[in-house]
Amino acid sequence: MSFFNQQVSETHIRLKDRLWLYIISIIVLFLLIVPSLIVIPMSFSGSQYLEFPPKNWSFRWYENYFSSGQVGMGFNDWIGATWTSIKVAVLTIFVATPIGTMAAYGLINSGNRVRNILFPVMISPMMIPVILVAIGLFYFYVQFKMVNSILGLVLGHSLVAMPLVLIIVLSALKNYDMNQEKVARSLGASRIRAFFEITLPQIKFSIISASLISFLTSFDEVIISLFVAGGDNSTITRAMFLALRDQIDPTIAAISTILIIISTSLLILVQLFGTKKD
Amino acid sequence: MATVGAHLNEEALKRLDRQERFNLFGLTLPYLGLVSILIIIPIGWLFYMSFIGRDGTLSFENYTRMLDSKAYIRIFITTFKISFLTTLICALIGYPLTYFMSQLPKKWAGICMIGVLIPFWTSLLVRTYAWLVLLQKKGLLNNLLLDFQIIAEPIKFVHNTSGTLIGMAHIMLPFLILPLYANMRSIDKDCVRAAASLGATPSRAFWTVFFPLSIPGLLAGLLIVFVLCLGFYVTPAVLGGGRVIMAAMKISSNIELYFSWGAASALGVVLLVVTMAILFIASRLVSIDQISTRG
């Protein structure tokens with residue numbers, strides 16, 4: 001019993017008095033993690049009904065994914081959709097990261113008043129319900145014949161990724177001493193050279209994190225893709241959503257597993273770069 | 001002579017300073033340009049469309065029709081009800097967990113934090129799908145309950161309100177935990193210690209000292225969850241099985257199925273105004289940095 005009577009805080013709370021808190025917390029943590037990961041074992045199930053634990057194991061849903069031909073339902077095959085998603089996500093990095101970084105640099109060097117007005121406008125794509133951004137974009141793209149185009153998707157995804165880049169780079173710049181650039185410039189470097197040789201190396205890990213997060217944001221985006229992508233340029237998330245509304249296709253478990261592996265490895269990279277001292 | 005020279009110098013410096021500030025401001029222009037063209041103009045156009053009637057003239061017809069229609073009133077009620085209940089569930093299960101994490105040593109809290117971040121970064125669609133599989137008639141939950149003979153017949157957990165609430169609470173929980181955790185970590189532990197040394201029981205110390213200090217973080221979390229719920233689309237569309245219709249889904253079906261831009265935009269304007277009003281109140285109460293997490 002001494003285990004349960006030990007003090008767990010400095011305010012004389014015994015473990016047994018707080019046991020309920022530990023139990024609730026562990027249950028909630030369990031409920032948070034398990035539904036995110038349970039599709040992984042299920043995707044190796046051999047049966048049509050996804051059971052857990054699977055009675056027999058197989059790769060059939062992976063085979064189904066890799067060998068998929070036309071799936072119908074208004075989108076190209078799974079593999080084609082995956083390539084579209086990867087293409088769009090990579091391009092989103094190259095649009096959102098430089099534009100977001102430039103804006104963060106401009107914002108940090110401008111006056112407080114300007115910053116207080118511009119910042120809410122700049123993070124508005126994150127605050128406005130995505131469905132409104134999506135139908136707004138849809139309307140806009142219809143006028144310029146950009147519906148179902150890669151460019152349209154990249155711009156739409158960049159719009160949601162840019163605020164994240166802005167916030168990440170801005171917080172890195174807040175911890176950075178701008179006087180270092182002044183020193184470089186007093187020694188004769190141009191502002192641009194000072195930025196690339198002095199500032200950039202010191203905030204590069206934040207910029208790398210920001211670009212990984214841009215990739216992930218684009219890769220996971222559903223609603224904008226649903227409206228502005230279609231035909232041969234359907235993304236994997238759009239294809240999944242359309243398939244989910246109709247039936248529970250176990251192939252989606254295999255695709256989900258692949259998506260989990262991608263996002264977890266990116267998250268690990270972000271953590272690695274994030275903990276490095278910028 | 002010297003003073004005049006210094007004065008000229010000062011002028012030139014000021015001009016240079018202004019010039020530089022202007023150039024730096026220019027760096028934000030690509031960003032602002034994209035946001036203006038792709039967000040502000042289309043949304044401005046939505047506002048305009050919402051005031052155009054069927055015959056193409058200016059009118060409030062879209063709004064009056066919305067207020068007269070029972071279907072729309074039901075959608076508003078559903079949207080608020082689901083958002084409110086999801087927020088409530090998140091608060092009830094998120095607060096104890098966050099409190100637990102904030103009391104742990106940093107290293108252990110970091111490990112628990114992984115448990116919060118894994119779902120946060122797992123695709124929303126994957127998690128929605130997982131719940132669909134877990135909660136369906138032949139799903140894991142029903143099988144477990146049947147095996148332990150807690151129930152005799154499979155319960156319908158999904159394609160209804162309860163399934164939607166479970167899925168949404170799971171997706172929203174990290175948005176509550178993250179700001180709340182940051183807030184709880186910043187609470188000075190000496191305050192609780194002081195209360196205890198003055199004779200407060202642990203629960204009194206918690207309710208009179210710790211809890212009031214955690215309110216800003218809780219509020220930030222509740223507001224972000226509520227606002228995100230209001231505009232939610234994917235999870236209710238999949239887990240609600242067509243029985244739970246929220247505002248975002250109605251907007252989408254108005255456009256996809258009926259090409260009814262007037263009705264869709266009026267509903268969109270209402271959704272936007274409500275969201276902005278809540279965010280405005282939120283920004284008065286808590287710093288905007290706390291609200292801006294991954295949306």
# chains A, B, ... in the order shown; residues from 1 in each chain; ligands from 1
>>> closest_atom_pairs(of="chain B", to="chain A", cutoff="7 Å", atoms="only C-alpha atoms", output="tab-separated table")
residue	atom	partner	partner_atom	distance
B:Arg21	CA	A:Ser110	CA	6.5
B:Leu24	CA	A:Gly106	CA	4.8
B:Phe25	CA	A:Gly106	CA	5.4
B:Leu27	CA	A:Gly106	CA	5.3
B:Thr28	CA	A:Ala103	CA	4.0
B:Pro30	CA	A:Ile99	CA	6.4
B:Tyr31	CA	A:Ile99	CA	5.8
B:Leu32	CA	A:Met122	CA	6.9
B:Leu38	CA	A:Leu137	CA	6.3
B:Ile39	CA	A:Val133	CA	6.4
B:Pro42	CA	A:Gly136	CA	4.6
B:Ile43	CA	A:Gly136	CA	5.9
B:Ile93	CA	A:Val28	CA	6.9
B:Pro96	CA	A:Ser25	CA	6.6
B:Leu97	CA	A:Ser25	CA	4.6
B:Phe100	CA	A:Ser25	CA	6.8
B:Gly115	CA	A:Ile33	CA	5.7
B:Val116	CA	A:Leu32	CA	6.8
B:Ile118	CA	A:Ile33	CA	6.8
B:Pro119	CA	A:Ser36	CA	5.7
B:Trp121	CA	A:Ser263	CA	6.5
B:Thr122	CA	A:Ile260	CA	6.0
B:Ser123	CA	A:Asp220	CA	5.5
B:Val126	CA	A:Ser256	CA	5.4
B:Arg127	CA	A:Ser36	CA	5.4
B:Ala130	CA	A:Pro35	CA	5.8
B:Trp131	CA	A:Pro35	CA	6.6
B:Gly139	CA	A:Glu51	CA	6.9
B:Leu140	CA	A:Phe52	CA	6.3
B:His170	CA	A:Leu32	CA	6.5
B:Arg193	CA	A:Thr11	CA	6.2
B:Ala196	CA	A:Thr11	CA	5.8
B:Pro202	CA	A:Thr11	CA	6.4
B:Gly231	CA	A:Pro129	CA	5.0
B:Val238	CA	A:Arg245	CA	5.7
B:Ala248	CA	A:Ile131	CA	6.2
B:Gly268	CA	A:Leu132	CA	6.5
B:Leu272	CA	A:Ile128	CA	6.7
B:Gly295	CA	A:Met126	CA	5.8
>>> write_last_selection(atoms="C-alpha atoms", output="CSV table (one decimal), in the first residue's frame")
chain,number,residue,atom,x,y,z
B,21,ARG,CA,10.8,50.5,-44.7
B,24,LEU,CA,10.7,45.8,-46.7
B,25,PHE,CA,7.0,46.3,-46.8
B,27,LEU,CA,8.4,41.8,-49.3
B,28,THR,CA,4.9,41.2,-47.9
B,30,PRO,CA,3.3,38.7,-52.9
B,31,TYR,CA,1.6,37.3,-49.8
B,32,LEU,CA,-0.9,40.1,-49.6
B,38,LEU,CA,-7.8,34.4,-54.0
B,39,ILE,CA,-9.6,35.2,-50.7
B,42,PRO,CA,-13.9,35.8,-54.1
B,43,ILE,CA,-15.4,36.3,-50.6
B,93,ILE,CA,-12.0,15.0,-21.3
B,96,PRO,CA,-8.1,16.4,-16.9
B,97,LEU,CA,-5.5,15.1,-19.4
B,100,PHE,CA,-2.2,15.6,-15.7
B,115,GLY,CA,0.2,11.0,-28.0
B,116,VAL,CA,-1.5,14.4,-28.7
B,118,ILE,CA,0.2,11.9,-33.5
B,119,PRO,CA,-3.5,12.4,-34.1
B,121,TRP,CA,-0.7,15.3,-37.7
B,122,THR,CA,-2.5,12.3,-38.9
B,123,SER,CA,-4.7,13.1,-41.9
B,126,VAL,CA,-7.6,8.7,-42.1
B,127,ARG,CA,-8.9,9.3,-38.6
B,130,ALA,CA,-10.7,4.7,-38.7
B,131,TRP,CA,-13.7,5.7,-36.6
B,139,GLY,CA,-16.7,-3.0,-36.2
B,140,LEU,CA,-14.3,-3.5,-33.3
B,170,HIS,CA,-11.3,13.1,-31.4
B,193,ARG,CA,2.0,25.8,-2.9
B,196,ALA,CA,-1.6,24.7,0.5
B,202,PRO,CA,-5.7,20.1,-2.4
B,231,GLY,CA,-17.2,25.2,-40.4
B,238,VAL,CA,-18.7,10.8,-43.5
B,248,ALA,CA,-20.7,23.7,-44.5
B,268,GLY,CA,-21.7,31.3,-46.2
B,272,LEU,CA,-18.4,33.8,-41.9
B,295,GLY,CA,-6.6,24.8,-38.9
>>> select_by_dssp(residues="region 69-250 of chain A", states="helix (DSSP H, G or I)", output="ChimeraX atom specification")
/A:78-108,112-122,124-127,130-143,150-174,179-186,191-220,223-228,236-246
>>> write_last_selection(atoms="C-alpha atoms", output="compact mmCIF listing (two decimals), in the first residue's frame")
# COMPACT_ATOMS: atom_id res chain seq x y z
CA TRP A 78 -5.31 5.52 -56.86
CA ILE A 79 -1.70 5.66 -58.02
CA GLY A 80 -2.40 8.54 -60.39
CA ALA A 81 -4.15 10.42 -57.58
CA THR A 82 -1.19 9.76 -55.28
CA TRP A 83 1.21 11.24 -57.84
CA THR A 84 -1.00 14.30 -58.24
CA SER A 85 -0.98 14.79 -54.46
CA ILE A 86 2.80 14.49 -54.26
CA LYS A 87 3.31 16.83 -57.21
CA VAL A 88 0.96 19.45 -55.77
CA ALA A 89 2.46 19.17 -52.28
CA VAL A 90 6.03 19.63 -53.56
CA LEU A 91 5.01 22.63 -55.66
CA THR A 92 3.18 24.05 -52.64
CA ILE A 93 6.49 24.03 -50.73
CA PHE A 94 8.05 26.16 -53.44
CA VAL A 95 5.21 28.67 -53.46
CA ALA A 96 4.28 28.90 -49.79
CA THR A 97 7.73 28.79 -48.17
CA PRO A 98 9.43 31.68 -50.02
CA ILE A 99 6.32 33.88 -50.01
CA GLY A 100 5.64 33.18 -46.33
CA THR A 101 9.29 33.72 -45.35
CA MET A 102 9.52 37.00 -47.27
CA ALA A 103 6.34 38.24 -45.64
CA ALA A 104 7.60 37.25 -42.17
CA TYR A 105 10.85 39.14 -42.77
CA GLY A 106 9.00 42.20 -44.03
CA LEU A 107 6.56 42.06 -41.14
CA ILE A 108 9.19 41.75 -38.41
CA ASN A 112 4.03 47.71 -34.74
CA ARG A 113 1.05 49.46 -36.22
CA VAL A 114 1.55 47.97 -39.67
CA ARG A 115 2.12 44.55 -38.14
CA ASN A 116 -1.08 44.67 -36.08
CA ILE A 117 -3.13 45.50 -39.16
CA LEU A 118 -1.46 43.08 -41.58
CA PHE A 119 -1.08 40.02 -39.36
CA PRO A 120 -4.80 39.25 -38.99
CA VAL A 121 -5.27 39.74 -42.75
CA MET A 122 -2.37 37.40 -43.43
CA SER A 124 -7.19 35.00 -42.48
CA PRO A 125 -6.94 31.92 -44.77
CA MET A 126 -6.61 29.91 -41.57
CA MET A 127 -9.48 31.63 -39.77
CA VAL A 130 -12.23 26.31 -45.41
CA ILE A 131 -15.49 25.61 -47.21
CA LEU A 132 -15.82 29.34 -47.99
CA VAL A 133 -12.23 29.55 -49.21
CA ALA A 134 -12.96 26.53 -51.38
CA ILE A 135 -16.14 27.84 -53.01
CA GLY A 136 -14.53 31.28 -53.43
CA LEU A 137 -11.61 29.64 -55.25
CA PHE A 138 -13.98 27.52 -57.28
CA TYR A 139 -15.84 30.61 -58.45
CA PHE A 140 -12.56 32.38 -59.24
CA TYR A 141 -11.12 29.43 -61.13
CA VAL A 142 -14.27 29.00 -63.21
CA GLN A 143 -13.76 32.53 -64.57
CA ILE A 150 -2.46 21.66 -61.01
CA LEU A 151 -1.78 25.40 -60.79
CA GLY A 152 -5.18 26.00 -59.22
CA LEU A 153 -4.58 23.30 -56.63
CA VAL A 154 -1.09 24.56 -55.79
CA LEU A 155 -2.32 28.13 -55.30
CA GLY A 156 -5.25 26.95 -53.16
CA HIS A 157 -3.04 24.78 -50.97
CA SER A 158 -0.40 27.50 -50.72
CA LEU A 159 -3.07 29.80 -49.38
CA VAL A 160 -3.66 27.49 -46.39
CA ALA A 161 0.02 26.69 -45.94
CA MET A 162 1.31 30.30 -46.04
CA PRO A 163 -0.09 31.33 -42.63
CA LEU A 164 1.69 28.36 -41.05
CA VAL A 165 4.99 29.31 -42.72
CA LEU A 166 4.44 32.90 -41.60
CA ILE A 167 3.84 31.93 -37.98
CA ILE A 168 6.81 29.53 -37.82
CA VAL A 169 9.32 31.89 -39.46
CA LEU A 170 7.99 34.89 -37.54
CA SER A 171 8.57 33.15 -34.23
CA ALA A 172 12.11 32.22 -35.33
CA LEU A 173 12.80 35.83 -36.31
CA LYS A 174 11.43 37.10 -32.99
CA ASN A 179 21.41 43.80 -35.08
CA GLN A 180 23.58 41.05 -36.48
CA GLU A 181 22.46 42.09 -39.94
CA LYS A 182 23.26 45.68 -39.11
CA VAL A 183 26.79 44.62 -38.19
CA ALA A 184 27.20 42.85 -41.52
CA ARG A 185 25.88 45.88 -43.38
CA SER A 186 28.11 48.27 -41.48
CA ARG A 191 20.95 44.04 -47.20
CA ILE A 192 20.32 41.05 -49.44
CA ARG A 193 23.77 39.63 -48.84
CA ALA A 194 23.40 40.21 -45.10
CA PHE A 195 20.14 38.28 -45.14
CA PHE A 196 21.48 35.32 -47.09
CA GLU A 197 24.81 35.07 -45.28
CA ILE A 198 23.91 36.03 -41.73
CA THR A 199 20.17 35.66 -41.09
CA LEU A 200 19.22 32.75 -43.32
CA PRO A 201 21.77 30.24 -41.90
CA GLN A 202 20.43 30.99 -38.42
CA ILE A 203 16.75 30.50 -39.22
CA LYS A 204 17.20 27.69 -41.74
CA PHE A 205 15.85 24.95 -39.50
CA SER A 206 12.62 26.85 -38.98
CA ILE A 207 12.33 27.35 -42.71
CA ILE A 208 12.88 23.63 -43.30
CA SER A 209 10.20 22.82 -40.69
CA ALA A 210 7.87 25.31 -42.34
CA SER A 211 8.39 23.72 -45.75
CA LEU A 212 7.74 20.20 -44.39
CA ILE A 213 4.55 21.48 -42.78
CA SER A 214 3.55 23.09 -46.07
CA PHE A 215 3.98 19.73 -47.76
CA LEU A 216 1.87 17.98 -45.14
CA THR A 217 -0.83 20.65 -45.20
CA SER A 218 -1.18 20.30 -48.95
CA PHE A 219 -0.97 16.53 -48.88
CA ASP A 220 -3.75 16.22 -46.27
CA ILE A 223 -12.03 20.43 -49.03
CA ILE A 224 -10.26 22.73 -51.50
CA SER A 225 -9.24 19.67 -53.52
CA LEU A 226 -12.84 18.50 -53.50
CA PHE A 227 -13.98 21.67 -55.22
CA VAL A 228 -11.16 22.66 -57.52
CA ILE A 236 -5.57 11.15 -53.16
CA THR A 237 -7.59 12.80 -50.37
CA ARG A 238 -10.36 13.74 -52.78
CA ALA A 239 -10.46 10.20 -54.14
CA MET A 240 -10.55 8.81 -50.60
CA PHE A 241 -13.35 11.13 -49.53
CA LEU A 242 -15.50 10.23 -52.52
CA ALA A 243 -14.88 6.51 -51.94
CA LEU A 244 -15.66 6.86 -48.21
CA ARG A 245 -19.00 8.48 -48.79
CA ASP A 246 -20.12 5.52 -50.85
>>> atom_distance(atom1="CA of Val133 (chain B)", atom2="CA of Asp77 (chain A)")
22.9 Å
>>> residues_around(residues="region 51-57 of chain B", least_positions_apart="5", cutoff="10 Å", atoms="only C-alpha atoms", output="PyMOL selection string")
chain B and resi 46+62-63+260-263+265-266
>>> write_last_selection(atoms="C-alpha atoms", output="PDB file, in the first residue's frame")
ATOM      1  CA  LEU B  46     -19.901  35.854 -52.208  1.00  0.00           C
ATOM      2  CA  ASN B  62     -31.798  34.767 -50.050  1.00  0.00           C
ATOM      3  CA  TYR B  63     -31.767  35.758 -46.394  1.00  0.00           C
ATOM      4  CA  SER B 260     -27.719  27.645 -56.244  1.00  0.00           C
ATOM      5  CA  TRP B 261     -25.039  30.258 -55.592  1.00  0.00           C
ATOM      6  CA  GLY B 262     -27.423  32.749 -54.022  1.00  0.00           C
ATOM      7  CA  ALA B 263     -28.544  30.382 -51.255  1.00  0.00           C
ATOM      8  CA  SER B 265     -23.487  32.446 -50.462  1.00  0.00           C
ATOM      9  CA  ALA B 266     -26.124  33.728 -48.029  1.00  0.00           C
TER      10      ALA B 266
END
>>> select_by_dssp(residues="region 43-170 of chain A", states="strand (DSSP E or B)", output="compact mmCIF listing (two decimals) with C-alpha atoms, in the first residue's frame")
# COMPACT_ATOMS: atom_id res chain seq x y z
CA SER A 45 -6.42 -8.13 -43.10
CA TRP A 57 -3.09 -11.67 -42.97
CA GLY A 72 -14.64 5.27 -61.67
CA PHE A 75 -11.41 10.32 -60.52
>>> atom_distance(atom1="CA of Thr251 (chain A)", atom2="CA of Ser58 (chain A)")
12.1 Å
>>> closest_residue(among="A:Phe44, A:Asp177, A:Ser190, A:Pro54", to="Ala254 (chain A)", atoms="only C-alpha atoms")
A:Phe44
>>> closest_residue(among="B:Leu134, B:Val209, B:Ile75, B:Leu271", to="Val158 (chain B)", atoms="only C-alpha atoms")
B:Leu134
>>> residues_around(residues="region 239-246 of chain B", least_positions_apart="3", cutoff="12 Å", atoms="only C-alpha atoms", output="PyMOL selection string")
(chain A and resi 131+241+244-248) or (chain B and resi 71-83+125+127-136+156-168+229-236+249-253+267-268+271)
>>> decode(residues="region 91-199 of chain B", atoms="C-alpha atoms", output="compact mmCIF listing (two decimals), in the first residue's frame")
# COMPACT_ATOMS: atom_id res chain seq x y z
CA ALA B 91 -13.36 20.31 -22.41
CA LEU B 92 -14.53 17.49 -20.15
CA ILE B 93 -11.98 14.95 -21.31
CA GLY B 94 -9.24 17.36 -22.38
CA TYR B 95 -8.95 19.34 -19.17
CA PRO B 96 -8.06 16.43 -16.86
CA LEU B 97 -5.54 15.05 -19.36
CA THR B 98 -3.90 18.45 -19.84
CA TYR B 99 -3.81 19.01 -16.09
CA PHE B 100 -2.20 15.60 -15.65
CA MET B 101 0.41 16.42 -18.32
CA SER B 102 1.15 19.83 -16.86
CA GLN B 103 1.93 18.25 -13.47
CA LEU B 104 4.34 15.68 -14.89
CA PRO B 105 8.08 16.29 -15.19
CA LYS B 106 8.88 17.86 -18.60
CA LYS B 107 10.33 14.62 -19.97
CA TRP B 108 7.22 12.54 -19.24
CA ALA B 109 4.94 15.31 -20.40
CA GLY B 110 6.88 15.33 -23.68
CA ILE B 111 6.17 11.63 -24.12
CA CYS B 112 2.45 12.20 -23.49
CA MET B 113 2.62 15.10 -25.92
CA ILE B 114 3.55 12.65 -28.68
CA GLY B 115 0.17 11.04 -28.02
CA VAL B 116 -1.47 14.39 -28.68
CA LEU B 117 0.64 15.22 -31.71
CA ILE B 118 0.24 11.89 -33.54
CA PRO B 119 -3.50 12.42 -34.09
CA PHE B 120 -2.89 16.13 -34.70
CA TRP B 121 -0.69 15.34 -37.68
CA THR B 122 -2.49 12.26 -38.95
CA SER B 123 -4.69 13.06 -41.90
CA LEU B 124 -8.19 14.02 -40.86
CA LEU B 125 -9.56 11.66 -43.46
CA VAL B 126 -7.57 8.73 -42.07
CA ARG B 127 -8.92 9.33 -38.57
CA THR B 128 -12.47 9.73 -39.83
CA TYR B 129 -12.09 6.48 -41.74
CA ALA B 130 -10.68 4.74 -38.65
CA TRP B 131 -13.74 5.75 -36.63
CA LEU B 132 -16.00 4.56 -39.39
CA VAL B 133 -14.31 1.16 -39.29
CA LEU B 134 -14.26 0.98 -35.48
CA LEU B 135 -17.85 2.04 -34.96
CA GLN B 136 -19.62 0.24 -37.81
CA LYS B 137 -22.04 -2.61 -37.20
CA LYS B 138 -19.40 -5.30 -37.59
CA GLY B 139 -16.72 -3.03 -36.18
CA LEU B 140 -14.33 -3.52 -33.30
CA LEU B 141 -16.43 -1.75 -30.67
CA ASN B 142 -19.59 -3.70 -31.41
CA ASN B 143 -17.64 -6.98 -31.53
CA LEU B 144 -16.05 -6.29 -28.16
CA LEU B 145 -19.37 -5.37 -26.57
CA LEU B 146 -20.96 -8.51 -28.04
CA ASP B 147 -18.10 -10.74 -26.90
CA PHE B 148 -18.35 -9.49 -23.33
CA GLN B 149 -22.12 -9.86 -23.58
CA ILE B 150 -22.71 -6.28 -22.60
CA ILE B 151 -25.12 -5.94 -25.48
CA ALA B 152 -27.20 -8.51 -27.33
CA GLU B 153 -27.58 -6.68 -30.64
CA PRO B 154 -25.00 -4.53 -32.42
CA ILE B 155 -25.56 -0.85 -31.65
CA LYS B 156 -25.64 1.69 -34.45
CA PHE B 157 -22.81 4.00 -33.47
CA VAL B 158 -22.09 5.51 -36.83
CA HIS B 159 -24.05 7.37 -39.54
CA ASN B 160 -25.79 9.38 -36.85
CA THR B 161 -25.20 12.14 -34.32
CA SER B 162 -23.24 10.03 -31.83
CA GLY B 163 -20.76 8.87 -34.47
CA THR B 164 -20.29 12.45 -35.64
CA LEU B 165 -19.68 13.64 -32.09
CA ILE B 166 -17.14 10.88 -31.35
CA GLY B 167 -15.20 11.56 -34.53
CA MET B 168 -15.28 15.32 -34.17
CA ALA B 169 -14.27 15.28 -30.51
CA HIS B 170 -11.29 13.08 -31.40
CA ILE B 171 -10.21 15.44 -34.17
CA MET B 172 -10.72 18.62 -32.13
CA LEU B 173 -9.17 17.47 -28.85
CA PRO B 174 -5.56 18.45 -29.73
CA PHE B 175 -6.75 21.98 -30.57
CA LEU B 176 -7.99 22.29 -26.99
CA ILE B 177 -5.03 20.59 -25.36
CA LEU B 178 -2.24 22.56 -27.05
CA PRO B 179 -3.15 26.11 -25.92
CA LEU B 180 -4.36 24.84 -22.54
CA TYR B 181 -1.10 22.99 -21.93
CA ALA B 182 0.99 26.06 -22.76
CA ASN B 183 -1.12 28.04 -20.32
CA MET B 184 -0.97 25.48 -17.49
CA ARG B 185 2.80 25.15 -17.83
CA SER B 186 3.16 28.88 -17.36
CA ILE B 187 1.17 28.87 -14.08
CA ASP B 188 3.54 29.50 -11.22
CA LYS B 189 3.55 26.39 -9.04
CA ASP B 190 4.33 28.55 -6.01
CA CYS B 191 0.78 29.90 -6.11
CA VAL B 192 -0.68 26.46 -5.42
CA ARG B 193 2.05 25.75 -2.87
CA ALA B 194 1.25 29.00 -1.08
CA ALA B 195 -2.43 28.09 -0.91
CA ALA B 196 -1.55 24.66 0.49
CA SER B 197 0.80 26.11 3.08
CA LEU B 198 -1.96 28.43 4.23
CA GLY B 199 -4.10 25.39 4.90
